[in-house]
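Participant: Hey, dropping final32.cif in here, mmCIF, C-alpha atoms:
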```cif
data_structure
#
loop_
_atom_site.label_atom_id
_atom_site.label_comp_id
_atom_site.auth_asym_id
_atom_site.auth_seq_id
_atom_site.Cartn_x
_atom_site.Cartn_y
_atom_site.Cartn_z
CA PRO A 1361 81.68 154.25 65.72
CA ILE A 1362 79.23 153.02 63.09
CA HIS A 1363 78.25 155.61 60.50
CA ALA A 1364 74.58 156.64 60.58
CA SER A 1365 73.98 155.56 56.99
CA THR A 1366 75.53 152.15 57.69
CA MET A 1367 73.35 151.67 60.75
CA LYS A 1368 70.28 152.66 58.72
CA GLY A 1369 71.17 150.07 56.10
CA LEU A 1370 71.64 147.35 58.72
CA ILE A 1371 68.28 148.15 60.28
CA THR A 1372 66.61 148.02 56.86
CA VAL A 1373 68.12 144.62 56.06
CA ALA A 1374 67.15 143.26 59.48
CA ALA A 1375 63.57 144.49 59.05
CA LEU A 1376 63.01 142.80 55.68
CA PRO A 1377 62.35 139.28 57.08
CA LEU A 1378 59.90 140.75 59.60
CA LEU A 1379 58.02 142.62 56.87
CA LEU A 1380 57.85 139.47 54.74
CA LEU A 1381 56.54 137.49 57.73
CA LEU A 1382 53.87 140.10 58.47
CA GLY A 1383 52.81 140.17 54.82
CA THR A 1384 52.54 136.37 54.68
CA THR A 1385 50.55 136.28 57.91
CA ALA A 1386 48.13 138.94 56.65
CA THR A 1387 47.64 137.10 53.36
CA THR A 1388 46.99 133.80 55.14
CA ALA A 1389 44.55 135.41 57.59
CA SER A 1390 42.58 137.03 54.78
CA ALA A 1391 42.44 133.72 52.91
CA LEU A 1392 41.18 131.87 55.99
CA PHE A 1393 38.06 133.94 56.43
CA VAL A 1394 36.79 134.61 52.93
CA PRO A 1395 33.02 134.89 53.14
CA ARG A 1396 31.17 131.99 51.65
CA ARG A 1397 28.24 132.94 49.46
CA GLU A 1398 25.50 130.60 48.54
CA HIS A 1399 23.85 131.06 45.15
CA PRO A 1400 20.61 129.41 44.07
CA GLN A 1401 20.90 126.91 41.29
CA GLU A 1402 20.31 128.25 37.81
CA GLY A 1403 16.74 127.79 36.72
CA SER A 1404 15.52 127.19 40.25
CA SER A 1405 12.65 129.25 41.60
CA GLN A 1406 13.95 128.93 45.14
CA GLN A 1407 15.50 132.17 46.35
CA LEU A 1408 17.52 132.87 49.45
CA PRO A 1409 15.51 134.68 52.14
CA SER A 1410 16.88 138.18 51.77
CA THR A 1411 14.30 140.17 53.65
CA THR A 1412 13.57 138.03 56.69
CA LYS A 1413 15.52 138.43 59.90
CA ARG A 1414 16.29 134.70 59.98
CA GLY A 1415 17.73 134.81 56.46
CA ARG A 1416 19.99 137.72 57.25
CA ALA A 1417 21.24 136.01 60.42
CA ALA A 1418 21.94 132.77 58.53
CA ARG A 1419 23.92 134.59 55.85
CA ALA A 1420 25.92 136.51 58.47
CA LYS A 1421 26.74 133.29 60.32
CA SER A 1422 27.83 131.48 57.15
CA ALA A 1423 30.01 134.41 56.14
CA LEU A 1424 31.98 134.19 59.40
CA LEU A 1425 32.61 130.47 59.11
CA PRO A 1426 35.84 129.52 57.31
CA SER A 1427 35.57 127.32 54.26
CA GLU A 1428 36.69 123.70 54.19
CA LYS A 1429 39.97 124.69 52.54
CA SER A 1430 40.53 127.36 55.17
CA ARG A 1431 39.90 124.89 57.98
CA GLY A 1432 42.47 122.60 56.42
CA MET A 1433 44.98 125.46 56.36
CA LEU A 1434 44.31 126.12 60.04
CA VAL A 1435 44.89 122.47 60.97
CA ASP A 1436 48.11 122.41 58.91
CA ALA A 1437 49.32 125.56 60.65
CA ALA A 1438 48.49 124.05 64.04
CA CYS A 1439 50.45 120.89 63.22
CA ILE A 1440 53.47 122.92 62.15
CA GLY A 1441 53.18 125.08 65.27
CA VAL A 1442 53.11 122.11 67.63
CA GLY A 1443 56.19 120.61 65.98
CA ALA A 1444 58.01 123.95 65.89
CA VAL A 1445 57.43 124.67 69.58
CA THR A 1446 58.55 121.16 70.52
CA GLY A 1447 61.69 121.36 68.39
CA ALA A 1448 62.67 124.80 69.67
CA LEU A 1449 62.21 123.73 73.29
CA CYS A 1450 64.28 120.58 72.71
CA ARG A 1451 67.13 122.60 71.17
CA TYR A 1452 66.96 125.12 74.02
CA GLN A 1453 67.06 122.35 76.62
CA VAL A 1454 70.02 120.63 74.95
CA GLY A 1455 71.90 123.93 75.00
CA ASN A 1456 71.15 124.39 78.70
CA ILE A 1457 72.34 120.88 79.56
CA VAL A 1458 75.59 121.28 77.60
CA THR A 1459 76.27 124.70 79.13
CA ARG A 1460 75.69 123.36 82.64
CA LYS A 1461 77.97 120.38 82.05
CA ILE A 1462 80.75 122.63 80.76
CA GLN A 1463 80.40 124.87 83.80
CA GLU A 1464 80.65 121.85 86.09
CA HIS A 1465 83.65 120.45 84.18
CA PRO A 1466 85.83 123.31 82.86
CA ARG A 1467 88.08 120.86 81.01
CA LEU A 1468 85.23 120.44 78.53
CA SER A 1469 85.28 124.13 77.61
CA SER A 1470 86.88 123.32 74.25
CA PHE A 1471 83.59 121.65 73.23
CA ALA A 1472 81.55 124.80 73.84
CA GLY A 1473 79.21 125.39 70.89
CA TRP A 1474 79.76 121.97 69.36
CA HIS A 1475 76.38 120.82 70.59
CA THR A 1476 74.90 122.84 67.71
CA ALA A 1477 76.68 120.56 65.27
CA GLY A 1478 75.32 117.54 67.10
CA ILE A 1479 71.80 118.97 66.98
CA ASN A 1480 72.06 119.59 63.24
CA VAL A 1481 73.36 116.07 62.61
CA VAL A 1482 70.56 114.50 64.67
CA GLY A 1483 67.96 116.68 62.95
CA SER A 1484 69.34 115.68 59.55
CA PHE A 1485 69.01 112.01 60.51
CA VAL A 1486 65.38 112.53 61.58
CA LEU A 1487 64.50 114.44 58.42
CA GLY A 1488 66.26 111.85 56.27
CA THR A 1489 64.22 109.15 57.98
CA LEU A 1490 61.02 111.04 57.24
CA ALA A 1491 62.09 111.38 53.60
CA GLY A 1492 62.36 107.60 53.38
CA ILE A 1493 58.84 107.04 54.72
CA PRO A 1494 56.02 107.36 52.17
CA THR A 1495 53.05 109.64 52.68
CA VAL A 1496 49.79 107.73 52.94
CA ASP A 1497 46.13 108.66 53.16
CA PRO A 1498 44.51 106.29 55.70
CA ALA A 1499 41.06 106.95 54.26
CA ALA A 1500 42.05 106.04 50.70
CA SER A 1501 44.64 103.31 51.21
CA HIS A 1502 44.74 100.02 53.08
CA ASP A 1503 48.54 100.17 53.33
CA HIS A 1504 49.32 102.11 56.51
CA ARG A 1505 53.10 101.69 56.33
CA GLY A 1506 53.72 105.38 56.17
CA ILE A 1507 52.82 108.70 57.74
CA THR A 1508 50.09 111.19 56.95
CA ALA A 1509 50.80 114.51 55.27
CA ARG A 1510 50.09 116.40 58.50
CA THR A 1511 52.43 114.17 60.48
CA ARG A 1512 55.12 115.02 57.94
CA LEU A 1513 54.34 118.72 58.38
CA CYS A 1514 54.53 118.43 62.16
CA LEU A 1515 57.78 116.45 62.30
CA GLY A 1516 59.55 117.71 59.18
CA VAL A 1517 58.64 121.36 58.75
CA GLY A 1518 57.80 122.01 62.40
CA PHE A 1519 60.09 119.93 64.61
CA CYS A 1520 63.16 119.55 62.40
CA GLY A 1521 62.84 123.10 61.12
CA SER A 1522 63.08 124.58 64.61
CA PHE A 1523 65.27 121.92 66.21
CA THR A 1524 68.10 122.40 63.73
CA THR A 1525 69.69 125.80 63.19
CA PHE A 1526 71.84 127.04 60.34
CA SER A 1527 71.99 130.61 61.65
CA THR A 1528 73.62 129.61 64.95
CA PHE A 1529 76.08 127.45 63.05
CA SER A 1530 77.00 130.39 60.82
CA VAL A 1531 77.51 132.72 63.77
CA ASP A 1532 79.63 130.10 65.55
CA VAL A 1533 81.90 129.75 62.51
CA MET A 1534 82.15 133.52 62.22
CA GLY A 1535 83.20 133.75 65.89
CA MET A 1536 85.83 131.04 65.49
CA LEU A 1537 87.29 132.72 62.42
CA GLY A 1538 87.30 136.04 64.25
CA LYS A 1539 89.38 134.49 67.02
CA GLY A 1540 91.82 133.03 64.51
CA GLU A 1541 90.73 129.44 65.25
CA MET A 1542 90.95 128.35 61.64
CA THR A 1543 91.30 124.60 62.26
CA ARG A 1544 88.42 124.55 64.69
CA ALA A 1545 86.21 126.57 62.36
CA PHE A 1546 86.78 124.28 59.37
CA SER A 1547 86.34 121.16 61.51
CA TYR A 1548 83.10 122.54 62.90
CA ALA A 1549 81.84 123.43 59.41
CA ALA A 1550 82.79 119.99 58.08
CA LEU A 1551 80.93 118.24 60.89
CA ASN A 1552 77.80 120.31 60.27
CA ASN A 1553 77.76 119.93 56.50
CA PHE A 1554 79.35 116.57 55.75
CA GLY A 1555 78.05 114.98 58.95
CA GLY A 1556 74.55 116.30 58.31
CA VAL A 1557 74.45 114.94 54.75
CA MET A 1558 75.73 111.54 55.86
CA ALA A 1559 73.20 111.44 58.71
CA ALA A 1560 70.38 112.22 56.26
CA PHE A 1561 71.52 109.37 53.99
CA ALA A 1562 71.70 107.05 57.00
CA GLY A 1563 68.20 107.95 58.15
CA PHE A 1564 66.80 107.49 54.65
CA ASN A 1565 68.36 104.02 54.32
CA VAL A 1566 67.18 102.99 57.79
CA ALA A 1567 63.61 103.92 56.91
CA LYS A 1568 63.72 102.02 53.61
CA ARG A 1569 65.08 98.89 55.27
CA MET A 1570 62.45 98.99 57.99
CA LEU A 1571 59.69 99.30 55.41
CA ARG A 1572 60.99 96.31 53.45
CA GLN A 1573 60.76 94.03 56.48
#
```
Please express what this file holds, its structure, as structure tokens.
Facilitator:
Amino acid sequence: PIHASTMKGLITVAALPLLLLLGTTATTASALFVPRREHPQEGSSQQLPSTTKRGRAARAKSALLPSEKSRGMLVDAACIGVGAVTGALCRYQVGNIVTRKIQEHPRLSSFAGWHTAGINVVGSFVLGTLAGIPTVDPAASHDHRGITARTRLCLGVGFCGSFTTFSTFSVDVMGMLGKGEMTRAFSYAALNNFGGVMAAFAGFNVAKRMLRQ
């Protein structure tokens, strides 16, 4: 049995990421809806209507509207969210397909869990490709051979961040070591790490060659 103090420590450690996430979310939410106050220009005789009903309604409406910077933060968050949901669903679907194939063909049971390594390698290739593509501002540049900053957020931070998984890889290695499968564990770790780095280099070089054409 697990000692009560040990269990309390595990719960505390597990709760730390959640507390950090809640704190970040609260900070972002408060920054998104900071009231905007309009001040008359110095030396101007024009004053904001403070006593009329229309003036009070206008100030209340402007206070509820997010600023331009806050709207940009909302759009960035939406781009990351779309990419994250898509990446997570893709990883989930790949896992379902691999599990179903192994159930249909028991001789493939030795490859159970290796799809995570494949996902990480593919995600590394995609992220390496994005790293090789420059970020452009279509409104300020005539050279459109690149991607916008929000496209990079959507595909890099959102999609690749949720499609790949280091935590599942770590748990898989831990399970293999616990079963005494040393060779399999080291092979699996090598494929994830070395294969992922090589895939990122390959994607980066592919993007650079395509841009030079």
Participant: Please, which residues in region 1431-1536 of chain A fall within 8 Å of region 1541-1561 of chain A when counting all atoms listed in the file, and what is the closest atom pair and distance in Å to one decimal for each, ordered by chain then residue number, as a tab-separated table?
Facilitator:
```
residue	atom	partner	partner_atom	distance
A:Trp1474	CA	A:Tyr1548	CA	7.3
A:Ala1477	CA	A:Asn1552	CA	5.1
A:Gly1478	CA	A:Asn1552	CA	7.8
A:Asn1480	CA	A:Gly1556	CA	6.4
A:Val1481	CA	A:Gly1556	CA	4.5
A:Val1482	CA	A:Ala1559	CA	7.2
A:Ser1484	CA	A:Ala1560	CA	4.9
A:Phe1485	CA	A:Ala1560	CA	4.5
A:Val1486	CA	A:Ala1560	CA	7.3
A:Leu1487	CA	A:Ala1560	CA	6.6
A:Gly1488	CA	A:Ala1560	CA	4.1
A:Thr1489	CA	A:Ala1560	CA	7.1
A:Phe1529	CA	A:Asn1552	CA	7.9
A:Val1533	CA	A:Ala1545	CA	5.4
A:Met1536	CA	A:Glu1541	CA	5.2
```
Participant: Filtering to C-alpha atoms, could you give me those residues as a compact mmCIF listing (two decimals), keeping the file's coordinate frame?
Facilitator:
```txt
# COMPACT_ATOMS: atom_id res chain seq x y z
CA TRP A 1474 79.76 121.97 69.36
CA ALA A 1477 76.68 120.56 65.27
CA GLY A 1478 75.32 117.54 67.10
CA ASN A 1480 72.06 119.59 63.24
CA VAL A 1481 73.36 116.07 62.61
CA VAL A 1482 70.56 114.50 64.67
CA SER A 1484 69.34 115.68 59.55
CA PHE A 1485 69.01 112.01 60.51
CA VAL A 1486 65.38 112.53 61.58
CA LEU A 1487 64.50 114.44 58.42
CA GLY A 1488 66.26 111.85 56.27
CA THR A 1489 64.22 109.15 57.98
CA PHE A 1529 76.08 127.45 63.05
CA VAL A 1533 81.90 129.75 62.51
CA MET A 1536 85.83 131.04 65.49
```
Participant: Expressed in Å to a single decimal, how great is the separation between CA of Met1570 (chain A) and CA of Gly1506 (chain A)?
Facilitator: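 Interatomic distance, CA of Met1570 (chain A) to CA of Gly1506 (chain A): 11.0 Å.
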Participant: Please compute the CA of Val1566 (chain A)-CA of Pro1498 (chain A) distance, one decimal, in Å.
Facilitator: 23.0 Å
Participant: Take the PyMOL selection byres ((chain A and resi 1491-1497) around 9), apply it to the structure above, and return the hits as a ChimeraX atom specification.
Facilitator: /A:1486-1490,1498-1509,1512,1516,1560,1563-1568,1571
Participant: When the PyMOL selection byres ((chain A and resi 1437) around 12) is applied to the structure above, which residues does it catch, written out as a list of chain:residue names?
Facilitator: A:Thr1385, A:Thr1388, A:Ala1389, A:Leu1392, A:Ser1430, A:Arg1431, A:Gly1432, A:Met1433, A:Leu1434, A:Val1435, A:Asp1436, A:Ala1438, A:Cys1439, A:Ile1440, A:Gly1441, A:Val1442, A:Gly1443, A:Ala1444, A:Arg1510, A:Thr1511, A:Leu1513, A:Cys1514, A:Val1517, A:Gly1518
Participant: Given all atoms listed in the file as the basis, pick out the residue of A:Arg1569, A:Ala1472, A:Ser1530, A:Gly1521 nearest to Ala1448 (chain A).
Facilitator: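 Of the candidates, the smallest distance to Ala1448 (chain A) is held by A:Gly1521.
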Participant: With all atoms listed in the file as the basis for distance, which of A:Met1534, A:His1465, A:Cys1450, A:Lys1539 is at the shortest distance from Phe1519 (chain A)?
Facilitator: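 Residue with the minimum atom-to-atom distance to Phe1519 (chain A): A:Cys1450.
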Participant: Can you tell me how far CA of Ser1522 (chain A) sits from CA of Lys1461 (chain A), in Å to one decimal?
Facilitator: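 Distance reported for this atom pair: 23.3 Å.
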Participant: Box along x, y and z, 8 Å on every side, all listed atoms of region 1511-1528 of chain A inside: centre and edge lengths in Å to one decimal, as lines of an AutoDock Vina configuration file.
Facilitator:
```
center_x = 63.0
center_y = 122.4
center_z = 62.1
size_x = 37.2
size_y = 32.4
size_z = 24.3
```
Participant: So that I can check the surroundings of Thr1476 (chain A), please list as a ChimeraX atom specification every protein, DNA and RNA residue that reaches within 8 Å of it, counting only C-alpha atoms and ignoring chain neighbours fewer than 6 positions away.
Facilitator: /A:1455,1524-1525,1528-1529
Participant: Please save C-alpha atoms of the selected residues as a PDB file, keeping the file's coordinate frame.
Facilitator:
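Just written: again15.pdb:
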```pdb
ATOM      1  CA  GLY A1455      71.900 123.930  75.000  1.00  0.00           C
ATOM      2  CA  THR A1524      68.100 122.400  63.730  1.00  0.00           C
ATOM      3  CA  THR A1525      69.690 125.800  63.190  1.00  0.00           C
ATOM      4  CA  THR A1528      73.620 129.610  64.950  1.00  0.00           C
ATOM      5  CA  PHE A1529      76.080 127.450  63.050  1.00  0.00           C
TER       6      PHE A1529
END
```
